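Enquirer: I am sharing structure_15.txt, which consists of compact mmCIF, C-alpha atoms:
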```txt
# COMPACT_ATOMS: atom_id res chain seq x y z
CA MET A 1121 113.06 125.92 104.01
CA LEU A 1122 109.62 126.09 102.41
CA ARG A 1123 110.88 124.04 99.45
CA ILE A 1124 112.20 121.35 101.82
CA LEU A 1125 108.86 121.20 103.62
CA ALA A 1126 106.93 120.99 100.33
CA ILE A 1127 109.17 118.24 98.93
CA SER A 1128 109.03 116.22 102.16
CA ILE A 1129 105.23 116.43 102.25
CA ILE A 1130 104.90 115.44 98.58
CA LEU A 1131 107.30 112.51 98.98
CA SER A 1132 105.61 111.32 102.16
CA ILE A 1133 102.00 111.47 100.99
CA ASP A 1134 102.28 107.82 99.89
CA SER A 1135 102.88 106.91 103.53
CA LEU A 1136 99.62 108.56 104.53
CA PHE A 1137 97.62 106.55 102.03
CA PHE A 1138 99.63 103.41 102.68
CA GLY A 1139 98.85 103.64 106.40
CA PHE A 1140 95.26 104.47 105.49
CA SER A 1141 94.99 101.30 103.38
CA PHE A 1142 96.46 99.23 106.20
CA GLY A 1143 94.01 100.70 108.69
CA LEU A 1144 91.08 99.99 106.39
CA ASN A 1145 92.16 96.38 105.95
CA LYS A 1146 92.80 95.95 109.68
CA ILE A 1147 96.43 95.03 109.10
CA GLU A 1148 98.49 95.79 112.20
CA LEU A 1149 101.68 97.81 112.07
CA SER A 1150 103.56 97.66 115.34
CA LEU A 1151 105.72 100.55 116.45
CA LYS A 1152 108.74 98.39 115.58
CA SER A 1153 107.42 97.91 112.02
CA ILE A 1154 106.67 101.63 111.64
CA ILE A 1155 110.19 102.51 112.77
CA THR A 1156 111.66 99.86 110.43
CA ILE A 1157 109.71 101.29 107.48
CA THR A 1158 110.87 104.82 108.30
CA LEU A 1159 114.52 103.91 108.93
CA THR A 1160 114.71 101.79 105.76
CA GLY A 1161 113.44 104.77 103.81
CA LEU A 1162 115.92 107.07 105.56
CA ILE A 1163 118.86 104.83 104.65
CA ILE A 1164 117.78 104.81 100.99
CA ILE A 1165 117.29 108.58 100.99
CA LEU A 1166 120.67 109.24 102.67
CA GLY A 1167 122.36 107.14 99.99
CA SER A 1168 120.46 109.10 97.36
CA ILE A 1169 121.55 112.44 98.73
CA LYS A 1170 125.17 111.29 98.60
CA LEU A 1171 124.70 110.31 94.94
CA GLY A 1172 123.16 113.71 94.31
CA ASP A 1173 126.12 115.43 96.00
CA ILE A 1174 128.47 113.55 93.67
CA MET A 1175 126.35 114.52 90.68
CA TYR A 1176 126.38 118.20 91.68
CA ALA A 1177 130.14 118.15 92.33
CA PHE A 1178 131.10 116.74 88.93
CA LEU A 1179 128.46 117.98 86.51
CA PRO A 1180 128.39 121.69 85.70
CA ASN A 1181 124.68 121.67 84.78
CA ALA A 1182 123.58 119.25 87.48
CA ARG A 1183 120.63 121.40 88.57
CA VAL A 1184 119.22 121.39 85.01
CA ILE A 1185 119.80 117.64 84.77
CA GLY A 1186 118.09 117.27 88.15
CA GLY A 1187 115.12 119.26 86.84
CA PHE A 1188 114.76 116.92 83.88
CA ILE A 1189 115.06 113.92 86.21
CA LEU A 1190 112.25 115.33 88.36
CA ILE A 1191 110.05 115.85 85.30
CA GLY A 1192 110.74 112.27 84.19
CA ILE A 1193 109.95 110.89 87.64
CA GLY A 1194 106.74 112.90 87.77
CA ILE A 1195 105.65 111.57 84.39
CA PHE A 1196 106.52 108.02 85.47
CA LEU A 1197 104.57 108.33 88.73
CA ALA A 1198 101.55 109.84 87.04
CA ALA A 1199 101.56 107.11 84.35
CA ASP A 1200 102.41 104.29 86.79
CA CYS A 1201 98.96 104.45 88.35
CA ARG A 1202 97.70 102.16 85.56
CA ASN A 1203 100.29 99.42 86.18
CA LYS A 1204 98.79 96.77 88.45
CA ASN A 1205 102.22 95.21 89.06
CA SER A 1206 103.90 98.40 90.23
CA LEU A 1207 105.34 98.81 93.71
CA LYS A 1208 102.66 101.40 94.34
CA SER A 1209 99.99 98.73 93.80
CA MET A 1210 100.57 97.99 97.48
CA LEU A 1211 98.51 101.11 98.17
CA SER A 1212 95.42 99.53 96.71
CA GLU A 1213 96.27 95.97 97.78
CA PRO A 1214 98.00 96.25 101.16
CA LYS A 1215 97.31 92.58 101.88
CA LEU A 1216 99.99 91.77 99.28
CA THR A 1217 102.64 93.02 101.71
CA ASP A 1218 101.45 90.69 104.47
CA ILE A 1219 103.29 87.73 102.98
CA ASN A 1220 102.59 85.26 105.79
CA ARG A 1221 98.92 86.39 105.94
CA ASN A 1222 98.86 86.78 109.71
CA GLY A 1223 97.37 90.29 109.69
CA LYS A 1224 100.58 91.79 111.09
CA ILE A 1225 103.56 93.29 109.33
CA GLU A 1226 106.78 91.57 110.36
CA MET A 1227 110.34 92.98 110.13
CA GLY A 1228 111.11 91.72 106.59
CA GLU A 1229 107.75 92.88 105.31
CA ALA A 1230 108.32 96.29 106.91
CA MET A 1231 111.68 96.62 105.17
CA ALA A 1232 110.07 95.82 101.80
CA ILE A 1233 107.42 98.47 102.47
CA GLY A 1234 110.12 101.01 103.41
CA ILE A 1235 111.91 100.31 100.13
CA ALA A 1236 108.70 100.61 98.11
CA LEU A 1237 107.80 103.91 99.77
CA SER A 1238 111.29 105.32 99.16
CA ILE A 1239 111.91 104.37 95.53
CA ASP A 1240 110.41 107.53 94.05
CA SER A 1241 111.70 109.62 96.95
CA SER A 1242 115.28 108.52 96.34
CA ALA A 1243 115.27 109.71 92.75
CA VAL A 1244 113.79 113.06 93.75
CA VAL A 1245 116.37 113.44 96.53
CA ILE A 1246 119.21 112.79 94.05
CA SER A 1247 117.81 115.61 91.93
CA THR A 1248 117.47 117.99 94.89
CA ALA A 1249 120.62 117.10 96.85
CA TYR A 1250 121.69 120.73 96.77
CA LEU A 1251 119.04 121.38 99.46
CA GLY A 1252 121.24 119.60 101.99
CA MET A 1253 120.86 117.08 104.78
CA LEU A 1254 117.75 118.70 106.24
CA LEU A 1255 115.69 117.17 103.42
CA PRO A 1256 116.15 113.49 104.46
CA ALA A 1257 115.32 114.35 108.07
CA ALA A 1258 112.20 116.23 106.99
CA ILE A 1259 111.13 113.34 104.75
CA MET A 1260 111.62 110.81 107.54
CA ILE A 1261 109.59 112.89 110.01
CA MET A 1262 106.78 113.48 107.53
CA GLN A 1263 106.74 109.83 106.51
CA LEU A 1264 106.43 108.78 110.14
CA ILE A 1265 103.67 111.30 110.88
CA PHE A 1266 101.74 110.44 107.72
CA LEU A 1267 102.03 106.67 108.20
CA ILE A 1268 100.69 106.82 111.77
CA THR A 1269 97.97 109.33 110.82
CA GLY A 1270 96.89 107.20 107.87
CA LEU A 1271 96.66 104.11 110.09
CA LYS A 1272 94.49 105.89 112.63
CA ILE A 1273 92.18 107.43 110.02
CA GLY A 1274 91.94 104.17 108.06
CA LYS A 1275 90.74 102.30 111.13
CA LYS A 1276 87.94 104.80 111.67
CA ILE A 1277 86.46 105.63 108.26
CA LYS A 1278 85.73 104.09 104.89
CA PRO A 1279 87.16 106.23 102.07
CA ASN A 1280 85.94 106.99 98.63
CA ILE A 1281 89.41 107.83 97.26
CA ASN A 1282 91.06 105.78 94.54
CA SER A 1283 94.83 105.49 95.12
CA LYS A 1284 95.59 106.01 91.42
CA TYR A 1285 94.54 109.65 91.75
CA ILE A 1286 97.12 110.15 94.49
CA ALA A 1287 99.85 108.86 92.13
CA VAL A 1288 98.72 111.26 89.41
CA ILE A 1289 98.63 114.25 91.79
CA SER A 1290 102.06 113.39 93.24
CA GLY A 1291 103.47 113.00 89.73
CA LEU A 1292 102.10 116.36 88.60
CA ILE A 1293 103.52 118.15 91.63
CA ILE A 1294 106.96 116.59 91.03
CA ILE A 1295 106.77 117.67 87.36
CA ILE A 1296 106.09 121.25 88.52
CA LEU A 1297 109.07 121.04 90.91
CA GLY A 1298 111.21 119.85 87.99
CA PHE A 1299 110.19 122.79 85.81
CA SER A 1300 110.81 125.22 88.68
CA GLN A 1301 114.32 123.82 89.00
CA LEU A 1302 114.96 124.49 85.30
CA VAL A 1303 114.18 128.20 85.64
```
Would you encode the structure as structure tokens?

Expert:
Amino acid sequence: MLRILAISIILSIDSLFFGFSFGLNKIELSLKSIITITLTGLIIILGSIKLGDIMYAFLPNARVIGGFILIGIGIFLAADCRNKNSLKSMLSEPKLTDINRNGKIEMGEAMAIGIALSIDSSAVVISTAYLGMLLPAAIMIMQLIFLITGLKIGKKIKPNINSKYIAVISGLIIIILGFSQLV
């Protein structure tokens, strides 16, 4: 249970900083958009857990393979902080997601955000599918809580945190999870 909670927090931390960036830039996220972001992510994660179940059913060393996948994802996330064209660049430039520049996130924009926030999560979920269906539910709940919390905090304060450090920290934690899965 503790592992599920830790993974769901790690995979949802992007939502906190994403919401934070939106709040800072005074971009509105309606409840409908927040739910769309969360449900889009849930659909991607549920598909990922099914892929992970298939992997664990047919591969005798799937847990070791999953550990190496986690390590690879962690390295990618930690290194991706330098890429200005990455999906995670939306954290530092949230105005890029407001395609029609109206200061509000519409349904299509919310779906794109949900996909961007779930890309790294889906690969981790494939690697940890053996934890069961509680993991996607925990991720969805944490993502929702963190997104709303980030929005509220972002509207009230001006941060001094660079989003690239969040990517590095998330990547390092996922690498540690990968190594723990190998042992």

Enquirer: Mind giving me the straight-line distance from atom CA of A:Gly1143 to atom CA of A:Ile1259 in Å, one decimal?

Expert: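 Result for atom CA of A:Gly1143 versus atom CA of A:Ile1259: 21.6 Å, one decimal.
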
Enquirer: Applying 8 Å and only C-alpha atoms, which residues near stretch 1166-1171 of chain A remain after dropping the ones on its own chain fewer than 5 positions away? List them as JSON, numbers by chain.

Expert: {"A": [1242, 1243, 1245, 1246, 1248, 1249, 1252, 1253, 1256]}

Enquirer: Output the selection as an mmCIF file, keeping the file's coordinate frame - C-alpha atoms for each residue.

Expert:
```cif
data_model
loop_
_atom_site.group_PDB
_atom_site.id
_atom_site.type_symbol
_atom_site.label_atom_id
_atom_site.label_comp_id
_atom_site.auth_asym_id
_atom_site.auth_seq_id
_atom_site.Cartn_x
_atom_site.Cartn_y
_atom_site.Cartn_z
ATOM 1 C CA SER A 1242 115.280 108.520 96.340
ATOM 2 C CA ALA A 1243 115.270 109.710 92.750
ATOM 3 C CA VAL A 1245 116.370 113.440 96.530
ATOM 4 C CA ILE A 1246 119.210 112.790 94.050
ATOM 5 C CA THR A 1248 117.470 117.990 94.890
ATOM 6 C CA ALA A 1249 120.620 117.100 96.850
ATOM 7 C CA GLY A 1252 121.240 119.600 101.990
ATOM 8 C CA MET A 1253 120.860 117.080 104.780
ATOM 9 C CA PRO A 1256 116.150 113.490 104.460
#
```

Enquirer: What does the structure give for the distance between atom CA of A:Asn1145 and atom CA of A:Ser1241, in Å to one decimal?

Expert: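 Atom-to-atom, atom CA of A:Asn1145 and atom CA of A:Ser1241 are spaced 25.3 Å apart.
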
Enquirer: For a test of reading the model, state the distance in Å between atom CA of A:Ile1296 and atom CA of A:Leu1159, rounded to one decimal.

Expert: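 Pair atom CA of A:Ile1296 / atom CA of A:Leu1159 returns 28.1 Å.
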
Enquirer: Calculated over all atoms listed in the file, which of the candidates A:Ala1258, A:Ile1239, A:Leu1264, A:Val1184 has the smallest distance to A:Phe1196?

Expert: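 So, comparing all the options, the nearest one is A:Ile1239.
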
Enquirer: For A:Asp1173, which of A:Gly1274, A:Gly1194, A:Gly1186, A:Gly1234 is the closest residue, counting all atoms listed in the file?

Expert: A:Gly1186

Enquirer: Would you please work out which residue, of A:Gly1187, A:Ser1247, A:Ile1157, A:Ile1163, is nearest to A:Phe1138 when using all atoms listed in the file?

Expert: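 Smallest distance to A:Phe1138 is found for A:Ile1157.
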
Enquirer: A:Gly1228, A:Gly1172, A:Gly1161, A:Gly1270: which is nearest A:Phe1137, counting all atoms listed in the file?

Expert: A:Gly1270

Enquirer: Here is a test: counting all atoms listed in the file, which residue of A:Phe1140, A:Leu1162, A:Arg1183, A:Leu1151 is nearest to A:Gln1263?

Expert: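 For A:Gln1263, the nearest of the candidates is A:Leu1162.
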
Enquirer: Counting only C-alpha atoms, figure out which residue out of A:Leu1251, A:Val1244, A:Met1121, A:Met1175 gets nearest to A:Ile1295.

Expert: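 Of the candidates, the smallest distance to A:Ile1295 is held by A:Val1244.
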
Enquirer: Residues within 9 Å of (93.6, 102.5, 113.7), file coordinates, counting all atoms listed in the file: what are they? Give the list as a list in words.

Expert: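 Every residue inside that radius is included here: Phe1140, Phe1142, Gly1143, Leu1144, Lys1146, Glu1148, Ile1268, Thr1269, Gly1270, Leu1271, Lys1272, Ile1273, Gly1274, Lys1275 and Lys1276 of chain A.
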